[in-house]
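Listing of start_4.txt, compact mmCIF, N, CA and C atoms
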# COMPACT_ATOMS: atom_id res chain seq x y z
N MET A 257 26.12 26.91 -6.24
CA MET A 257 26.50 25.80 -7.09
C MET A 257 25.27 24.97 -7.40
N THR A 258 25.26 24.41 -8.56
CA THR A 258 24.14 23.58 -8.99
C THR A 258 24.55 22.12 -8.95
N SER A 259 23.56 21.24 -9.18
CA SER A 259 23.87 19.81 -9.21
C SER A 259 24.75 19.47 -10.40
N ARG A 260 24.83 20.37 -11.38
CA ARG A 260 25.72 20.15 -12.52
C ARG A 260 27.17 20.22 -12.10
N SER A 261 27.46 20.97 -11.04
CA SER A 261 28.82 21.08 -10.54
C SER A 261 29.29 19.78 -9.90
N PHE A 262 28.34 19.00 -9.40
CA PHE A 262 28.64 17.73 -8.75
C PHE A 262 27.84 16.62 -9.42
N PRO A 263 28.34 16.04 -10.51
CA PRO A 263 27.56 15.08 -11.27
C PRO A 263 27.09 13.87 -10.47
N GLY A 264 27.82 13.40 -9.51
CA GLY A 264 27.42 12.23 -8.75
C GLY A 264 26.39 12.51 -7.67
N ARG A 265 26.21 13.78 -7.34
CA ARG A 265 25.32 14.16 -6.25
C ARG A 265 23.87 13.78 -6.55
N HIS A 266 23.37 14.07 -7.72
CA HIS A 266 22.00 13.74 -8.08
C HIS A 266 21.79 12.23 -8.12
N LYS A 267 22.77 11.51 -8.63
CA LYS A 267 22.68 10.06 -8.71
C LYS A 267 22.60 9.44 -7.32
N ALA A 268 23.36 9.97 -6.37
CA ALA A 268 23.33 9.45 -5.01
C ALA A 268 21.94 9.61 -4.40
N GLN A 269 21.28 10.73 -4.67
CA GLN A 269 19.94 10.94 -4.15
C GLN A 269 18.96 9.96 -4.78
N GLN A 270 19.08 9.68 -6.08
CA GLN A 270 18.20 8.72 -6.74
C GLN A 270 18.39 7.33 -6.15
N GLU A 271 19.61 6.94 -5.87
CA GLU A 271 19.87 5.63 -5.31
C GLU A 271 19.33 5.51 -3.89
N GLU A 272 19.25 6.64 -3.19
CA GLU A 272 18.76 6.64 -1.83
C GLU A 272 17.29 6.20 -1.77
N GLU A 273 16.49 6.60 -2.74
CA GLU A 273 15.08 6.25 -2.77
C GLU A 273 14.84 5.20 -3.83
N ASP A 274 14.40 4.01 -3.37
CA ASP A 274 14.15 2.90 -4.28
C ASP A 274 13.10 2.00 -3.63
N ALA A 275 11.85 2.12 -4.08
CA ALA A 275 10.76 1.36 -3.48
C ALA A 275 10.98 -0.14 -3.61
N ALA A 276 11.63 -0.58 -4.67
CA ALA A 276 11.88 -2.01 -4.86
C ALA A 276 12.76 -2.57 -3.75
N ALA A 277 13.61 -1.73 -3.19
CA ALA A 277 14.50 -2.14 -2.11
C ALA A 277 14.01 -1.59 -0.76
N LEU A 278 12.80 -1.09 -0.72
CA LEU A 278 12.19 -0.49 0.47
C LEU A 278 12.97 0.71 1.00
N LYS A 279 13.60 1.44 0.11
CA LYS A 279 14.27 2.69 0.47
C LYS A 279 13.38 3.82 -0.01
N LEU A 280 12.49 4.29 0.87
CA LEU A 280 11.46 5.24 0.48
C LEU A 280 11.82 6.68 0.81
N GLY A 281 12.95 6.89 1.42
CA GLY A 281 13.36 8.24 1.79
C GLY A 281 13.13 8.47 3.27
N PRO A 282 13.87 9.39 3.85
CA PRO A 282 13.84 9.60 5.30
C PRO A 282 12.47 9.99 5.85
N GLU A 283 11.67 10.71 5.06
CA GLU A 283 10.36 11.13 5.56
C GLU A 283 9.40 9.96 5.75
N PHE A 284 9.73 8.79 5.20
CA PHE A 284 8.86 7.62 5.33
C PHE A 284 9.40 6.60 6.32
N ASN A 285 10.52 6.87 6.95
CA ASN A 285 11.13 5.89 7.85
C ASN A 285 10.21 5.46 8.99
N ASN A 286 9.46 6.38 9.55
CA ASN A 286 8.57 6.06 10.67
C ASN A 286 7.09 6.28 10.33
N ALA A 287 6.79 6.38 9.05
CA ALA A 287 5.42 6.65 8.62
C ALA A 287 4.62 5.36 8.56
N GLY A 288 3.36 5.43 8.94
CA GLY A 288 2.46 4.31 8.77
C GLY A 288 1.87 4.33 7.37
N CYS A 289 1.35 3.22 6.94
CA CYS A 289 0.76 3.12 5.60
C CYS A 289 -0.70 2.67 5.73
N LEU A 290 -1.58 3.42 5.10
CA LEU A 290 -3.00 3.07 5.10
C LEU A 290 -3.35 2.32 3.81
N LEU A 291 -4.34 1.45 3.92
CA LEU A 291 -4.89 0.81 2.73
C LEU A 291 -5.82 1.82 2.06
N ILE A 292 -5.98 1.71 0.76
CA ILE A 292 -6.90 2.60 0.05
C ILE A 292 -8.30 2.48 0.65
N SER A 293 -8.68 1.27 1.03
CA SER A 293 -10.00 1.06 1.64
C SER A 293 -10.14 1.81 2.96
N GLU A 294 -9.05 1.93 3.72
CA GLU A 294 -9.08 2.69 4.97
C GLU A 294 -9.19 4.18 4.70
N VAL A 295 -8.50 4.65 3.68
CA VAL A 295 -8.59 6.07 3.30
C VAL A 295 -10.01 6.39 2.85
N LYS A 296 -10.62 5.47 2.11
CA LYS A 296 -12.00 5.65 1.67
C LYS A 296 -12.92 5.85 2.88
N TYR A 297 -12.76 5.00 3.87
CA TYR A 297 -13.58 5.12 5.08
C TYR A 297 -13.36 6.48 5.75
N LEU A 298 -12.10 6.90 5.88
CA LEU A 298 -11.80 8.18 6.53
C LEU A 298 -12.41 9.36 5.76
N LEU A 299 -12.32 9.31 4.45
CA LEU A 299 -12.88 10.41 3.66
C LEU A 299 -14.40 10.43 3.68
N GLU A 300 -15.00 9.26 3.67
CA GLU A 300 -16.47 9.20 3.71
C GLU A 300 -17.02 9.60 5.07
N ASN A 301 -16.23 9.47 6.11
CA ASN A 301 -16.69 9.75 7.46
C ASN A 301 -15.98 10.96 8.07
N ARG A 302 -15.62 11.89 7.22
CA ARG A 302 -14.93 13.09 7.69
C ARG A 302 -15.89 13.97 8.47
N ASP A 303 -15.30 14.92 9.16
CA ASP A 303 -16.08 15.88 9.93
C ASP A 303 -17.01 16.63 8.98
N LYS A 304 -18.26 16.75 9.33
CA LYS A 304 -19.25 17.39 8.45
C LYS A 304 -18.96 18.88 8.24
N ASP A 305 -18.15 19.47 9.11
CA ASP A 305 -17.79 20.88 8.96
C ASP A 305 -16.58 21.07 8.04
N ALA A 306 -15.98 19.98 7.61
CA ALA A 306 -14.80 20.09 6.73
C ALA A 306 -15.22 20.67 5.39
N PRO A 307 -14.37 21.48 4.80
CA PRO A 307 -14.72 22.09 3.52
C PRO A 307 -14.84 21.05 2.39
N ASP A 308 -15.80 21.27 1.52
CA ASP A 308 -16.02 20.39 0.38
C ASP A 308 -15.25 20.99 -0.81
N THR A 309 -14.07 20.47 -1.08
CA THR A 309 -13.21 21.05 -2.10
C THR A 309 -13.06 20.12 -3.30
N VAL A 310 -12.52 20.64 -4.37
CA VAL A 310 -12.27 19.85 -5.57
C VAL A 310 -11.27 18.74 -5.25
N VAL A 311 -10.25 19.05 -4.47
CA VAL A 311 -9.23 18.05 -4.12
C VAL A 311 -9.87 16.92 -3.32
N TYR A 312 -10.70 17.27 -2.33
CA TYR A 312 -11.38 16.25 -1.54
C TYR A 312 -12.24 15.37 -2.44
N ASN A 313 -13.02 15.96 -3.31
CA ASN A 313 -13.92 15.19 -4.19
C ASN A 313 -13.14 14.28 -5.13
N LYS A 314 -12.03 14.75 -5.66
CA LYS A 314 -11.20 13.91 -6.55
C LYS A 314 -10.56 12.77 -5.77
N ALA A 315 -10.11 13.06 -4.55
CA ALA A 315 -9.52 12.01 -3.73
C ALA A 315 -10.57 10.95 -3.38
N LEU A 316 -11.76 11.38 -3.03
CA LEU A 316 -12.84 10.45 -2.71
C LEU A 316 -13.21 9.61 -3.93
N GLU A 317 -13.30 10.23 -5.07
CA GLU A 317 -13.60 9.49 -6.31
C GLU A 317 -12.52 8.43 -6.57
N TYR A 318 -11.27 8.81 -6.37
CA TYR A 318 -10.16 7.89 -6.59
C TYR A 318 -10.25 6.68 -5.66
N VAL A 319 -10.42 6.92 -4.36
CA VAL A 319 -10.44 5.79 -3.42
C VAL A 319 -11.68 4.92 -3.61
N LYS A 320 -12.80 5.51 -4.02
CA LYS A 320 -13.98 4.70 -4.31
C LYS A 320 -13.74 3.79 -5.51
N THR A 321 -12.97 4.28 -6.48
CA THR A 321 -12.66 3.49 -7.67
C THR A 321 -11.71 2.34 -7.35
N PHE A 322 -10.71 2.59 -6.51
CA PHE A 322 -9.64 1.61 -6.32
C PHE A 322 -9.67 0.84 -5.01
N ALA A 323 -10.60 1.12 -4.12
CA ALA A 323 -10.69 0.36 -2.87
C ALA A 323 -11.08 -1.08 -3.17
N LYS A 324 -10.35 -2.01 -2.59
CA LYS A 324 -10.59 -3.43 -2.83
C LYS A 324 -11.55 -4.04 -1.81
N PHE A 325 -11.74 -3.37 -0.68
CA PHE A 325 -12.57 -3.92 0.38
C PHE A 325 -13.66 -2.92 0.74
N ASN A 326 -14.90 -3.41 0.82
CA ASN A 326 -16.07 -2.55 0.96
C ASN A 326 -16.32 -2.05 2.38
N THR A 327 -15.84 -2.79 3.36
CA THR A 327 -16.14 -2.43 4.75
C THR A 327 -14.85 -2.29 5.55
N THR A 328 -14.97 -1.57 6.66
CA THR A 328 -13.80 -1.45 7.53
C THR A 328 -13.46 -2.80 8.15
N ASP A 329 -14.48 -3.64 8.37
CA ASP A 329 -14.22 -4.97 8.93
C ASP A 329 -13.38 -5.82 7.98
N SER A 330 -13.69 -5.78 6.69
CA SER A 330 -12.91 -6.58 5.75
C SER A 330 -11.50 -6.01 5.58
N ALA A 331 -11.36 -4.70 5.58
CA ALA A 331 -10.02 -4.09 5.50
C ALA A 331 -9.21 -4.44 6.74
N SER A 332 -9.83 -4.41 7.91
CA SER A 332 -9.14 -4.78 9.15
C SER A 332 -8.75 -6.25 9.14
N ALA A 333 -9.62 -7.10 8.63
CA ALA A 333 -9.33 -8.53 8.57
C ALA A 333 -8.14 -8.80 7.65
N VAL A 334 -8.06 -8.09 6.54
CA VAL A 334 -6.93 -8.25 5.62
C VAL A 334 -5.65 -7.79 6.30
N ARG A 335 -5.71 -6.69 6.99
CA ARG A 335 -4.52 -6.20 7.71
C ARG A 335 -4.06 -7.24 8.73
N GLU A 336 -5.01 -7.86 9.43
CA GLU A 336 -4.66 -8.90 10.42
C GLU A 336 -4.05 -10.13 9.75
N ILE A 337 -4.57 -10.52 8.61
CA ILE A 337 -4.00 -11.65 7.86
C ILE A 337 -2.54 -11.35 7.54
N LEU A 338 -2.27 -10.16 7.05
CA LEU A 338 -0.92 -9.80 6.64
C LEU A 338 0.01 -9.59 7.83
N ARG A 339 -0.52 -9.23 8.98
CA ARG A 339 0.31 -9.07 10.18
C ARG A 339 0.92 -10.39 10.64
N ARG A 340 0.32 -11.49 10.25
CA ARG A 340 0.84 -12.79 10.65
C ARG A 340 2.19 -13.09 10.02
N GLU A 341 2.52 -12.37 8.95
CA GLU A 341 3.83 -12.56 8.31
C GLU A 341 4.78 -11.51 8.86
N PRO A 342 5.68 -11.92 9.78
CA PRO A 342 6.54 -10.95 10.46
C PRO A 342 7.53 -10.23 9.54
N GLU A 343 7.83 -10.78 8.38
CA GLU A 343 8.81 -10.14 7.49
C GLU A 343 8.22 -9.01 6.67
N LEU A 344 6.89 -8.86 6.66
CA LEU A 344 6.27 -7.79 5.86
C LEU A 344 6.41 -6.44 6.55
N THR A 345 6.78 -5.44 5.80
CA THR A 345 6.79 -4.07 6.30
C THR A 345 5.40 -3.48 6.12
N GLN A 346 5.17 -2.31 6.72
CA GLN A 346 3.88 -1.64 6.53
C GLN A 346 3.65 -1.29 5.07
N PHE A 347 4.71 -0.86 4.39
CA PHE A 347 4.61 -0.52 2.97
C PHE A 347 4.20 -1.75 2.15
N GLU A 348 4.83 -2.88 2.41
CA GLU A 348 4.50 -4.11 1.67
C GLU A 348 3.08 -4.56 1.98
N THR A 349 2.68 -4.45 3.24
CA THR A 349 1.32 -4.81 3.63
C THR A 349 0.30 -3.98 2.85
N ALA A 350 0.51 -2.68 2.81
CA ALA A 350 -0.41 -1.80 2.09
C ALA A 350 -0.41 -2.11 0.60
N GLN A 351 0.76 -2.36 0.03
CA GLN A 351 0.83 -2.67 -1.40
C GLN A 351 0.08 -3.96 -1.73
N ILE A 352 0.27 -4.99 -0.93
CA ILE A 352 -0.43 -6.25 -1.17
C ILE A 352 -1.93 -6.04 -1.08
N ALA A 353 -2.38 -5.35 -0.04
CA ALA A 353 -3.82 -5.14 0.16
C ALA A 353 -4.41 -4.23 -0.91
N ASN A 354 -3.65 -3.26 -1.39
CA ASN A 354 -4.16 -2.34 -2.40
C ASN A 354 -4.16 -2.93 -3.79
N LEU A 355 -3.18 -3.78 -4.08
CA LEU A 355 -3.06 -4.34 -5.43
C LEU A 355 -3.71 -5.71 -5.57
N CYS A 356 -3.83 -6.45 -4.47
CA CYS A 356 -4.45 -7.78 -4.44
C CYS A 356 -3.93 -8.71 -5.54
N PRO A 357 -2.63 -8.97 -5.56
CA PRO A 357 -2.12 -9.91 -6.57
C PRO A 357 -2.70 -11.30 -6.34
N ALA A 358 -2.88 -12.04 -7.43
CA ALA A 358 -3.51 -13.36 -7.35
C ALA A 358 -2.56 -14.44 -6.88
N ASP A 359 -1.29 -14.32 -7.21
CA ASP A 359 -0.35 -15.36 -6.82
C ASP A 359 1.00 -14.77 -6.45
N ALA A 360 1.85 -15.62 -5.86
CA ALA A 360 3.14 -15.16 -5.35
C ALA A 360 4.02 -14.60 -6.46
N GLU A 361 3.99 -15.21 -7.62
CA GLU A 361 4.81 -14.73 -8.73
C GLU A 361 4.42 -13.30 -9.13
N GLU A 362 3.12 -13.06 -9.24
CA GLU A 362 2.64 -11.72 -9.58
C GLU A 362 3.01 -10.72 -8.47
N ALA A 363 2.83 -11.13 -7.23
CA ALA A 363 3.14 -10.26 -6.10
C ALA A 363 4.60 -9.84 -6.12
N LYS A 364 5.48 -10.79 -6.37
CA LYS A 364 6.91 -10.49 -6.38
C LYS A 364 7.32 -9.67 -7.60
N SER A 365 6.56 -9.77 -8.67
CA SER A 365 6.89 -8.97 -9.85
C SER A 365 6.48 -7.51 -9.67
N ILE A 366 5.40 -7.25 -8.93
CA ILE A 366 4.97 -5.87 -8.73
C ILE A 366 5.48 -5.26 -7.42
N ILE A 367 5.90 -6.12 -6.49
CA ILE A 367 6.48 -5.68 -5.22
C ILE A 367 7.78 -6.46 -5.04
N PRO A 368 8.85 -6.03 -5.68
CA PRO A 368 10.10 -6.81 -5.71
C PRO A 368 10.69 -7.14 -4.35
N SER A 369 10.43 -6.36 -3.33
CA SER A 369 11.01 -6.63 -2.01
C SER A 369 10.43 -7.89 -1.37
N LEU A 370 9.37 -8.46 -1.95
CA LEU A 370 8.76 -9.67 -1.40
C LEU A 370 9.57 -10.93 -1.68
N VAL A 371 10.67 -10.81 -2.42
CA VAL A 371 11.50 -11.99 -2.70
C VAL A 371 12.01 -12.64 -1.42
N LYS A 372 11.99 -11.92 -0.32
CA LYS A 372 12.46 -12.45 0.97
C LYS A 372 11.51 -13.48 1.57
N ILE A 373 10.30 -13.60 1.04
CA ILE A 373 9.29 -14.50 1.58
C ILE A 373 9.12 -15.69 0.64
N GLU A 374 9.10 -16.89 1.21
CA GLU A 374 8.93 -18.09 0.41
C GLU A 374 7.57 -18.05 -0.31
N ASP A 375 7.57 -18.58 -1.53
CA ASP A 375 6.35 -18.55 -2.35
C ASP A 375 5.15 -19.18 -1.66
N ASP A 376 5.34 -20.33 -1.00
CA ASP A 376 4.19 -21.00 -0.39
C ASP A 376 3.61 -20.19 0.76
N ARG A 377 4.44 -19.54 1.56
CA ARG A 377 3.95 -18.69 2.65
C ARG A 377 3.20 -17.48 2.10
N LEU A 378 3.78 -16.87 1.08
CA LEU A 378 3.14 -15.71 0.47
C LEU A 378 1.84 -16.10 -0.21
N GLN A 379 1.83 -17.24 -0.90
CA GLN A 379 0.63 -17.69 -1.59
C GLN A 379 -0.51 -17.95 -0.61
N ALA A 380 -0.20 -18.51 0.56
CA ALA A 380 -1.23 -18.76 1.57
C ALA A 380 -1.89 -17.45 2.01
N LEU A 381 -1.09 -16.42 2.20
CA LEU A 381 -1.64 -15.11 2.57
C LEU A 381 -2.52 -14.56 1.45
N LEU A 382 -2.02 -14.64 0.22
CA LEU A 382 -2.76 -14.11 -0.93
C LEU A 382 -4.08 -14.86 -1.13
N ASP A 383 -4.07 -16.17 -0.91
CA ASP A 383 -5.30 -16.95 -1.03
C ASP A 383 -6.34 -16.51 -0.01
N GLU A 384 -5.90 -16.23 1.22
CA GLU A 384 -6.83 -15.75 2.25
C GLU A 384 -7.41 -14.40 1.88
N ILE A 385 -6.58 -13.54 1.33
CA ILE A 385 -7.04 -12.21 0.94
C ILE A 385 -8.04 -12.31 -0.22
N GLN A 386 -7.75 -13.16 -1.20
CA GLN A 386 -8.67 -13.36 -2.31
C GLN A 386 -10.01 -13.89 -1.82
N ALA A 387 -9.99 -14.82 -0.87
CA ALA A 387 -11.23 -15.35 -0.30
C ALA A 387 -12.00 -14.24 0.42
N MET A 388 -11.27 -13.39 1.14
CA MET A 388 -11.90 -12.27 1.85
C MET A 388 -12.59 -11.34 0.85
N ARG A 389 -11.93 -11.04 -0.26
CA ARG A 389 -12.54 -10.18 -1.27
C ARG A 389 -13.78 -10.81 -1.86
N LYS A 390 -13.71 -12.10 -2.09
CA LYS A 390 -14.82 -12.81 -2.75
C LYS A 390 -16.07 -12.85 -1.87
N PHE A 391 -15.86 -13.00 -0.57
CA PHE A 391 -16.99 -13.22 0.34
C PHE A 391 -17.27 -12.05 1.27
N GLN A 392 -16.69 -10.87 0.99
CA GLN A 392 -16.94 -9.75 1.89
C GLN A 392 -18.40 -9.29 1.78
N THR A 393 -18.89 -8.78 2.88
CA THR A 393 -20.31 -8.36 2.91
C THR A 393 -20.44 -6.90 2.63
Go ahead and render the structure in this file as structure tokens.
Amino acid sequence: MTSRSFPGRHKAQQEEEDAAALKLGPEFNNAGCLLISEVKYLLENRDKDAPDTVVYNKALEYVKTFAKFNTTDSASAVREILRREPELTQFETAQIANLCPADAEEAKSIIPSLVKIEDDRLQALLDEIQAMRKFQT
């Protein structure tokens, strides 16, 4: 039987996964989330015996383009700033650090699940992250 035989079956699966509601699917229930800056560090410091492939080079190019923090210290500091907000999930933490929204309104528009956090609390975190980006070494 195909999904055409059960019209509601495909819709139920789509509703199950919804990043806006933090429903990422069962394979992500216990998964950790890395910042792009952390992935950049891992790829740049890989084992020297690892194969140099097209996929590796494209991934490295991507993370170099989109990493917001230049050092592991600044990426770790941002993660620590965001850990102070107990309502943030790992996914939300990574999204905030990867996208670096300037204000609470922008953050909530691109990460809808952040509506649970008061604007002033969220803005304080975002301001610290922006300062970290501005003054990172």
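Omitting Ile367 of chain A and its sequence neighbours fewer than 5 positions away, and counting only C-alpha atoms, the residues within 10 Å are Ala275, Ala276, Ala277, Leu278, Phe347, Glu348, Gln351, Ile352, Leu355, Pro357, Glu361 and Glu362 of chain A.
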note - atom C of Lys320 of chain A and atom C of Cys289 of chain A are separated by 17.3 Å
Residue with the minimum atom-to-atom distance to Thr328 of chain A, picked from A:Ser365, A:Gln379, A:Ser293, A:Gln386 with all atoms listed in the file counted, is A:Ser293
Enumerate the residues of segment 260-387 of chain A with a DSSP assignment of helix (DSSP H, G or I), computed from the backbone, and present them as a ChimeraX atom specification. /A:263-272,275-277,282-284,292-300,310-322,328-339,346-355,360-366,368-372,375-387
In terms of only C-alpha atoms, the residue from A:Ala331, A:Ala360, A:Lys324, A:Ser369 at minimal distance from Asp274 of chain A is A:Ser369
- Item | Neighbour list for segment 296-306 of chain A as a PyMOL selection string, cut-off 8 Å, all atoms listed in the file, skip fewer than 5 positions in-chain | chain A and resi 291+312+315-316+318-320+323+327-328
As a check of understanding: the span from atom CA of Glu343 of chain A to atom C of Asn326 of chain A is 26.9 Å
Could you please determine the separation between atom CA of Leu344 of chain A and atom CA of Glu294 of chain A in Å, to one decimal place?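 Straight-line distance from atom CA of Leu344 of chain A to atom CA of Glu294 of chain A works out to 18.6 Å.
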Practice problem: Skip Ile337 of chain A itself and residues of its chain fewer than 6 positions away, then list as an MDAnalysis selection string all residues within 12 Å of it, counting only C-alpha atoms. | Solution: chainID A and resid 330:331 344 349:350 352:353 377:378 380:388
Counting only C-alpha atoms, the residue among A:Glu341, A:Ala358, A:Lys372, A:Phe325 that lies closest to Arg389 of chain A is A:Phe325
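In this comparison, which uses only C-alpha atoms, the residue of A:Ala333, A:Val371, A:Phe322, A:Asp376 approaching Cys356 of chain A most closely is A:Phe322.
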